[in-house]
file structure-v9.tsv (TSV, N, CA and C atoms)
chain	number	residue	atom	x	y	z
Z	186	MET	N	-39.52	24.21	20.11
Z	186	MET	CA	-39.32	22.85	20.54
Z	186	MET	C	-38.69	22.88	21.93
Z	187	SER	N	-39.29	22.16	22.86
Z	187	SER	CA	-38.79	22.18	24.23
Z	187	SER	C	-37.52	21.34	24.35
Z	188	SER	N	-36.86	21.49	25.46
Z	188	SER	CA	-35.60	20.77	25.70
Z	188	SER	C	-35.83	19.26	25.75
Z	189	ASN	N	-36.92	18.83	26.39
Z	189	ASN	CA	-37.22	17.39	26.46
Z	189	ASN	C	-37.51	16.81	25.09
Z	190	ASN	N	-38.26	17.56	24.27
Z	190	ASN	CA	-38.57	17.10	22.92
Z	190	ASN	C	-37.30	16.99	22.08
Z	191	ARG	N	-36.41	17.95	22.23
Z	191	ARG	CA	-35.15	17.93	21.49
Z	191	ARG	C	-34.31	16.72	21.87
Z	192	LYS	N	-34.22	16.43	23.18
Z	192	LYS	CA	-33.46	15.28	23.65
Z	192	LYS	C	-34.07	13.98	23.15
Z	193	SER	N	-35.38	13.88	23.17
Z	193	SER	CA	-36.07	12.67	22.69
Z	193	SER	C	-35.84	12.49	21.19
Z	194	PHE	N	-35.96	13.57	20.43
Z	194	PHE	CA	-35.75	13.52	18.99
Z	194	PHE	C	-34.31	13.09	18.68
Z	195	PHE	N	-33.35	13.65	19.40
Z	195	PHE	CA	-31.94	13.30	19.20
Z	195	PHE	C	-31.70	11.83	19.53
Z	196	ALA	N	-32.26	11.35	20.64
Z	196	ALA	CA	-32.07	9.95	21.04
Z	196	ALA	C	-32.68	9.00	20.01
Z	197	LEU	N	-33.90	9.31	19.54
Z	197	LEU	CA	-34.53	8.46	18.53
Z	197	LEU	C	-33.76	8.47	17.21
Z	198	SER	N	-33.26	9.63	16.83
Z	198	SER	CA	-32.46	9.74	15.61
Z	198	SER	C	-31.19	8.91	15.71
Z	199	LEU	N	-30.54	8.98	16.86
Z	199	LEU	CA	-29.31	8.22	17.08
Z	199	LEU	C	-29.58	6.72	17.04
Z	200	ILE	N	-30.66	6.28	17.65
Z	200	ILE	CA	-31.02	4.85	17.64
Z	200	ILE	C	-31.32	4.40	16.21
Z	201	ALA	N	-32.02	5.22	15.44
Z	201	ALA	CA	-32.35	4.87	14.06
Z	201	ALA	C	-31.08	4.75	13.21
Z	202	VAL	N	-30.15	5.66	13.39
Z	202	VAL	CA	-28.90	5.61	12.63
Z	202	VAL	C	-28.10	4.36	12.98
Z	203	ILE	N	-28.01	4.02	14.25
Z	203	ILE	CA	-27.27	2.83	14.68
Z	203	ILE	C	-27.92	1.57	14.12
Z	204	ALA	N	-29.24	1.49	14.18
Z	204	ALA	CA	-29.95	0.31	13.68
Z	204	ALA	C	-29.76	0.16	12.17
Z	205	PHE	N	-29.85	1.27	11.43
Z	205	PHE	CA	-29.69	1.23	9.97
Z	205	PHE	C	-28.27	0.81	9.60
Z	206	THR	N	-27.26	1.37	10.29
Z	206	THR	CA	-25.87	1.04	9.97
Z	206	THR	C	-25.58	-0.42	10.27
Z	207	SER	N	-26.09	-0.92	11.36
Z	207	SER	CA	-25.87	-2.32	11.73
Z	207	SER	C	-26.51	-3.25	10.70
Z	208	ALA	N	-27.72	-2.95	10.29
Z	208	ALA	CA	-28.41	-3.78	9.29
Z	208	ALA	C	-27.67	-3.73	7.96
Z	209	ARG	N	-27.21	-2.57	7.58
Z	209	ARG	CA	-26.48	-2.41	6.31
Z	209	ARG	C	-25.16	-3.17	6.34
Z	210	ALA	N	-24.46	-3.15	7.46
Z	210	ALA	CA	-23.18	-3.85	7.59
Z	210	ALA	C	-23.39	-5.35	7.46
Z	211	GLN	N	-24.46	-5.88	8.06
Z	211	GLN	CA	-24.74	-7.31	7.97
Z	211	GLN	C	-25.10	-7.69	6.54
Z	212	GLU	N	-25.80	-6.82	5.84
Z	212	GLU	CA	-26.20	-7.10	4.47
Z	212	GLU	C	-24.98	-7.14	3.54
Z	213	THR	N	-24.05	-6.22	3.70
Z	213	THR	CA	-22.88	-6.19	2.82
Z	213	THR	C	-21.95	-7.35	3.09
Z	214	ASN	N	-21.87	-7.86	4.31
Z	214	ASN	CA	-21.01	-9.01	4.59
Z	214	ASN	C	-21.49	-10.25	3.83
Z	215	LYS	N	-22.78	-10.38	3.63
Z	215	LYS	CA	-23.32	-11.55	2.94
Z	215	LYS	C	-22.99	-11.51	1.46
Z	216	SER	N	-22.85	-10.33	0.87
Z	216	SER	CA	-22.66	-10.23	-0.57
Z	216	SER	C	-21.20	-10.14	-0.98
Z	217	LYS	N	-20.26	-10.20	-0.07
Z	217	LYS	CA	-18.84	-10.12	-0.43
Z	217	LYS	C	-18.36	-11.45	-0.97
Z	218	PRO	N	-17.55	-11.42	-2.03
Z	218	PRO	CA	-17.00	-12.67	-2.56
Z	218	PRO	C	-15.94	-13.24	-1.63
Z	219	GLY	N	-15.54	-14.47	-1.88
Z	219	GLY	CA	-14.52	-15.12	-1.07
Z	219	GLY	C	-13.17	-14.45	-1.23
Z	220	PRO	N	-12.16	-14.96	-0.56
Z	220	PRO	CA	-10.83	-14.35	-0.59
Z	220	PRO	C	-10.15	-14.53	-1.94
Z	221	LEU	N	-9.19	-13.66	-2.22
Z	221	LEU	CA	-8.38	-13.78	-3.43
Z	221	LEU	C	-7.31	-14.84	-3.23
Z	222	THR	N	-6.99	-15.57	-4.29
Z	222	THR	CA	-5.94	-16.57	-4.26
Z	222	THR	C	-4.91	-16.21	-5.32
Z	223	ILE	N	-3.64	-16.30	-4.98
Z	223	ILE	CA	-2.58	-15.99	-5.94
Z	223	ILE	C	-2.38	-17.20	-6.85
Z	224	GLN	N	-2.56	-17.01	-8.16
Z	224	GLN	CA	-2.38	-18.08	-9.13
Z	224	GLN	C	-0.92	-18.16	-9.55
Z	225	GLU	N	-0.33	-17.01	-9.89
Z	225	GLU	CA	1.06	-16.96	-10.32
Z	225	GLU	C	1.71	-15.71	-9.74
Z	226	GLN	N	3.02	-15.78	-9.54
Z	226	GLN	CA	3.75	-14.58	-9.17
Z	226	GLN	C	5.14	-14.69	-9.75
Z	227	GLY	N	5.72	-13.56	-10.06
Z	227	GLY	CA	7.06	-13.57	-10.63
Z	227	GLY	C	7.64	-12.17	-10.65
Z	228	SER	N	8.89	-12.09	-11.03
Z	228	SER	CA	9.56	-10.80	-11.14
Z	228	SER	C	10.72	-10.93	-12.12
Z	229	PHE	N	11.14	-9.80	-12.65
Z	229	PHE	CA	12.27	-9.79	-13.56
Z	229	PHE	C	12.91	-8.41	-13.57
Z	230	ALA	N	14.18	-8.36	-14.00
Z	230	ALA	CA	14.91	-7.10	-14.12
Z	230	ALA	C	15.01	-6.74	-15.60
Z	231	VAL	N	14.95	-5.44	-15.90
Z	231	VAL	CA	14.96	-4.98	-17.28
Z	231	VAL	C	16.00	-3.88	-17.44
Z	232	GLY	N	16.70	-3.95	-18.57
Z	232	GLY	CA	17.58	-2.86	-19.00
Z	232	GLY	C	18.70	-2.53	-18.04
Z	233	GLY	N	19.21	-1.34	-18.20
Z	233	GLY	CA	20.25	-0.85	-17.31
Z	233	GLY	C	21.52	-0.51	-18.04
Z	234	SER	N	22.20	0.44	-17.49
Z	234	SER	CA	23.51	0.82	-18.02
Z	234	SER	C	24.39	1.22	-16.85
Z	235	VAL	N	25.69	0.98	-17.02
Z	235	VAL	CA	26.67	1.31	-15.99
Z	235	VAL	C	27.74	2.17	-16.63
Z	236	THR	N	28.00	3.32	-16.04
Z	236	THR	CA	29.05	4.23	-16.52
Z	236	THR	C	30.14	4.29	-15.45
Z	237	THR	N	31.37	4.08	-15.87
Z	237	THR	CA	32.50	4.11	-14.93
Z	237	THR	C	33.38	5.32	-15.25
Z	238	ALA	N	33.70	6.09	-14.24
Z	238	ALA	CA	34.61	7.24	-14.41
Z	238	ALA	C	36.03	6.71	-14.60
Z	239	PRO	N	36.83	7.36	-15.45
Z	239	PRO	CA	38.20	6.89	-15.66
Z	239	PRO	C	39.03	6.99	-14.37
Z	240	GLY	N	39.97	6.07	-14.24
Z	240	GLY	CA	40.83	6.07	-13.06
Z	240	GLY	C	40.56	4.87	-12.18
Z	241	THR	N	41.20	4.85	-11.03
Z	241	THR	CA	41.06	3.76	-10.07
Z	241	THR	C	40.44	4.29	-8.80
Z	242	PHE	N	39.46	3.57	-8.28
Z	242	PHE	CA	38.79	3.98	-7.06
Z	242	PHE	C	39.73	3.82	-5.87
Z	243	ASP	N	39.83	4.87	-5.05
Z	243	ASP	CA	40.65	4.83	-3.84
Z	243	ASP	C	39.78	5.26	-2.66
Z	244	PRO	N	39.45	4.32	-1.75
Z	244	PRO	CA	38.57	4.66	-0.63
Z	244	PRO	C	39.17	5.67	0.33
Z	245	ILE	N	40.48	5.81	0.36
Z	245	ILE	CA	41.12	6.79	1.25
Z	245	ILE	C	40.82	8.21	0.77
Z	246	LYS	N	40.69	8.42	-0.53
Z	246	LYS	CA	40.40	9.75	-1.07
Z	246	LYS	C	38.92	10.11	-0.98
Z	247	GLN	N	38.09	9.18	-0.49
Z	247	GLN	CA	36.65	9.39	-0.42
Z	247	GLN	C	36.20	9.65	1.01
Z	248	GLY	N	35.00	10.19	1.16
Z	248	GLY	CA	34.31	10.30	2.44
Z	248	GLY	C	35.01	11.10	3.51
Z	249	ALA	N	35.05	10.55	4.72
Z	249	ALA	CA	35.55	11.26	5.90
Z	249	ALA	C	37.04	11.54	5.84
Z	250	TYR	N	37.77	10.75	5.04
Z	250	TYR	CA	39.22	10.94	4.96
Z	250	TYR	C	39.60	12.15	4.11
Z	251	ASN	N	38.68	12.66	3.30
Z	251	ASN	CA	38.97	13.78	2.43
Z	251	ASN	C	37.91	14.86	2.60
Z	252	PRO	N	38.10	15.77	3.57
Z	252	PRO	CA	37.10	16.81	3.80
Z	252	PRO	C	36.99	17.81	2.65
Z	253	ALA	N	37.97	17.84	1.73
Z	253	ALA	CA	37.95	18.80	0.62
Z	253	ALA	C	36.94	18.40	-0.45
Z	254	GLY	N	36.52	17.15	-0.50
Z	254	GLY	CA	35.56	16.71	-1.52
Z	254	GLY	C	35.90	15.33	-2.01
Z	255	THR	N	35.01	14.78	-2.81
Z	255	THR	CA	35.22	13.43	-3.30
Z	255	THR	C	35.92	13.44	-4.65
Z	256	ASP	N	36.63	12.37	-4.93
Z	256	ASP	CA	37.32	12.20	-6.20
Z	256	ASP	C	36.51	11.18	-7.01
Z	257	PRO	N	36.01	11.53	-8.20
Z	257	PRO	CA	35.17	10.61	-8.95
Z	257	PRO	C	35.92	9.46	-9.63
Z	258	ALA	N	37.22	9.43	-9.56
Z	258	ALA	CA	38.00	8.42	-10.27
Z	258	ALA	C	37.57	7.01	-9.87
Z	259	GLY	N	37.23	6.18	-10.87
Z	259	GLY	CA	36.88	4.80	-10.65
Z	259	GLY	C	35.47	4.55	-10.12
Z	260	GLN	N	34.70	5.60	-9.87
Z	260	GLN	CA	33.34	5.40	-9.37
Z	260	GLN	C	32.39	5.02	-10.50
Z	261	THR	N	31.32	4.31	-10.14
Z	261	THR	CA	30.36	3.88	-11.15
Z	261	THR	C	29.00	4.54	-10.92
Z	262	LEU	N	28.29	4.74	-12.02
Z	262	LEU	CA	26.94	5.28	-11.99
Z	262	LEU	C	26.02	4.27	-12.67
Z	263	HIS	N	25.00	3.80	-11.97
Z	263	HIS	CA	24.06	2.82	-12.50
Z	263	HIS	C	22.74	3.52	-12.79
Z	264	GLY	N	22.19	3.31	-14.00
Z	264	GLY	CA	20.94	3.96	-14.37
Z	264	GLY	C	20.14	3.14	-15.36
Z	265	ASP	N	18.93	3.61	-15.64
Z	265	ASP	CA	18.03	3.00	-16.61
Z	265	ASP	C	17.65	1.57	-16.25
Z	266	HIS	N	17.58	1.23	-14.98
Z	266	HIS	CA	17.20	-0.11	-14.55
Z	266	HIS	C	15.73	-0.11	-14.14
Z	267	ALA	N	15.12	-1.29	-14.24
Z	267	ALA	CA	13.75	-1.47	-13.74
Z	267	ALA	C	13.63	-2.87	-13.16
Z	268	TYR	N	12.89	-2.98	-12.07
Z	268	TYR	CA	12.59	-4.28	-11.48
Z	268	TYR	C	11.07	-4.39	-11.45
Z	269	VAL	N	10.54	-5.43	-12.09
Z	269	VAL	CA	9.10	-5.59	-12.23
Z	269	VAL	C	8.65	-6.80	-11.41
Z	270	SER	N	7.62	-6.62	-10.61
Z	270	SER	CA	7.04	-7.70	-9.82
Z	270	SER	C	5.58	-7.83	-10.24
Z	271	ALA	N	5.13	-9.08	-10.53
Z	271	ALA	CA	3.78	-9.27	-11.04
Z	271	ALA	C	3.07	-10.38	-10.28
Z	272	LEU	N	1.76	-10.21	-10.08
Z	272	LEU	CA	0.91	-11.21	-9.44
Z	272	LEU	C	-0.34	-11.42	-10.29
Z	273	THR	N	-0.79	-12.67	-10.39
Z	273	THR	CA	-2.05	-12.98	-11.05
Z	273	THR	C	-2.97	-13.61	-10.01
Z	274	PHE	N	-4.16	-13.04	-9.85
Z	274	PHE	CA	-5.08	-13.49	-8.80
Z	274	PHE	C	-6.23	-14.31	-9.40
Z	275	ILE	N	-6.79	-15.18	-8.56
Z	275	ILE	CA	-8.03	-15.90	-8.88
Z	275	ILE	C	-9.07	-15.39	-7.90
Z	276	LEU	N	-10.20	-14.93	-8.40
Z	276	LEU	CA	-11.28	-14.46	-7.54
Z	276	LEU	C	-12.22	-15.64	-7.29
Z	277	SER	N	-12.35	-16.02	-6.05
Z	277	SER	CA	-13.21	-17.15	-5.70
Z	277	SER	C	-14.66	-16.78	-5.95
Z	278	THR	N	-15.42	-17.71	-6.54
Z	278	THR	CA	-16.83	-17.44	-6.81
Z	278	THR	C	-17.72	-17.81	-5.64
Z	279	ALA	N	-17.17	-18.53	-4.67
Z	279	ALA	CA	-17.96	-18.91	-3.49
Z	279	ALA	C	-18.23	-17.69	-2.63
Z	280	MET	N	-19.41	-17.62	-2.08
Z	280	MET	CA	-19.78	-16.50	-1.21
Z	280	MET	C	-19.46	-16.87	0.24
Z	281	ARG	N	-19.20	-15.88	1.05
Z	281	ARG	CA	-18.97	-16.12	2.47
Z	281	ARG	C	-20.26	-16.57	3.13
Z	282	SER	N	-20.13	-17.50	4.09
Z	282	SER	CA	-21.33	-17.97	4.76
Z	282	SER	C	-21.62	-17.23	6.05
Z	283	SER	N	-20.67	-16.45	6.54
Z	283	SER	CA	-20.91	-15.77	7.82
Z	283	SER	C	-21.30	-14.34	7.64
call {"tool": "encode", "arguments": {"input": "structure-v9.tsv", "output": "structure tokens"}}
result
Amino acid sequence: MSSNNRKSFFALSLIAVIAFTSARAQETNKSKPGPLTIQEQGSFAVGGSVTTAPGTFDPIKQGAYNPAGTDPAGQTLHGDHAYVSALTFILSTAMRSS
């Protein structure tokens, strides 16, 4: 295959691919359903437990003021919590016109 034939074949192939992709993109836009609409939304918290270490919390004994380490007295640990967020959608049956 000569160089000119190769270039022509490549150019025609590229044009065919562009034309096919453009036609396919226009076809899929026509068949897409309308936008989603939120019918309901809500959220709620579930469960949970809090554990408190014995003693009284003293911020001076914590953090930067105590390079030797932290004192757990009076600190709390929160666990087993869940926060749930829910949405209910309506799918529009109208088709896009563009």
call {"tool": "closest_residue", "arguments": {"input": "structure-v9.tsv", "among": "Z:Pro239, Z:Leu272, Z:Ile245, Z:Phe195", "to": "Ala258 in chain Z", "atoms": "only C-alpha atoms"}}
result
Z:Pro239
call {"tool": "select_by_dssp", "arguments": {"input": "structure-v9.tsv", "residues": "range 227-264 of chain Z", "states": "strand (DSSP E or B)", "output": "PyMOL selection string"}}
result
chain Z and resi 227-237+261-264
call {"tool": "atom_distance", "arguments": {"input": "structure-v9.tsv", "atom1": "CA of Ala230 in chain Z", "atom2": "atom C of Gly264 in chain Z"}}
result
11.6 Å
call {"tool": "residues_around", "arguments": {"input": "structure-v9.tsv", "residues": "Phe242 in chain Z", "least_positions_apart": "3", "cutoff": "8 Å", "atoms": "all atoms listed in the file", "output": "ChimeraX atom specification"}}
result
/Z:238-239,245-247,256-260
call {"tool": "write_last_selection", "arguments": {"input": "structure-v9.tsv", "atoms": "N, CA and C atoms", "output": "CSV table (one decimal), in the coordinates of the input"}}
result
chain,number,residue,atom,x,y,z
Z,238,ALA,N,33.7,6.1,-14.2
Z,238,ALA,CA,34.6,7.2,-14.4
Z,238,ALA,C,36.0,6.7,-14.6
Z,239,PRO,N,36.8,7.4,-15.4
Z,239,PRO,CA,38.2,6.9,-15.7
Z,239,PRO,C,39.0,7.0,-14.4
Z,245,ILE,N,40.5,5.8,0.4
Z,245,ILE,CA,41.1,6.8,1.2
Z,245,ILE,C,40.8,8.2,0.8
Z,246,LYS,N,40.7,8.4,-0.5
Z,246,LYS,CA,40.4,9.8,-1.1
Z,246,LYS,C,38.9,10.1,-1.0
Z,247,GLN,N,38.1,9.2,-0.5
Z,247,GLN,CA,36.6,9.4,-0.4
Z,247,GLN,C,36.2,9.6,1.0
Z,256,ASP,N,36.6,12.4,-4.9
Z,256,ASP,CA,37.3,12.2,-6.2
Z,256,ASP,C,36.5,11.2,-7.0
Z,257,PRO,N,36.0,11.5,-8.2
Z,257,PRO,CA,35.2,10.6,-9.0
Z,257,PRO,C,35.9,9.5,-9.6
Z,258,ALA,N,37.2,9.4,-9.6
Z,258,ALA,CA,38.0,8.4,-10.3
Z,258,ALA,C,37.6,7.0,-9.9
Z,259,GLY,N,37.2,6.2,-10.9
Z,259,GLY,CA,36.9,4.8,-10.6
Z,259,GLY,C,35.5,4.6,-10.1
Z,260,GLN,N,34.7,5.6,-9.9
Z,260,GLN,CA,33.3,5.4,-9.4
Z,260,GLN,C,32.4,5.0,-10.5
call {"tool": "atom_distance", "arguments": {"input": "structure-v9.tsv", "atom1": "atom N of Phe205 in chain Z", "atom2": "atom N of Asn190 in chain Z"}}
result
22.4 Å
call {"tool": "closest_residue", "arguments": {"input": "structure-v9.tsv", "among": "Z:Asn189, Z:Glu225, Z:Val202, Z:Ala196", "to": "Ala271 in chain Z", "atoms": "only N, CA and C atoms"}}
result
Z:Glu225
call {"tool": "atom_distance", "arguments": {"input": "structure-v9.tsv", "atom1": "CA of Tyr268 in chain Z", "atom2": "atom N of Thr222 in chain Z"}}
result
23.7 Å
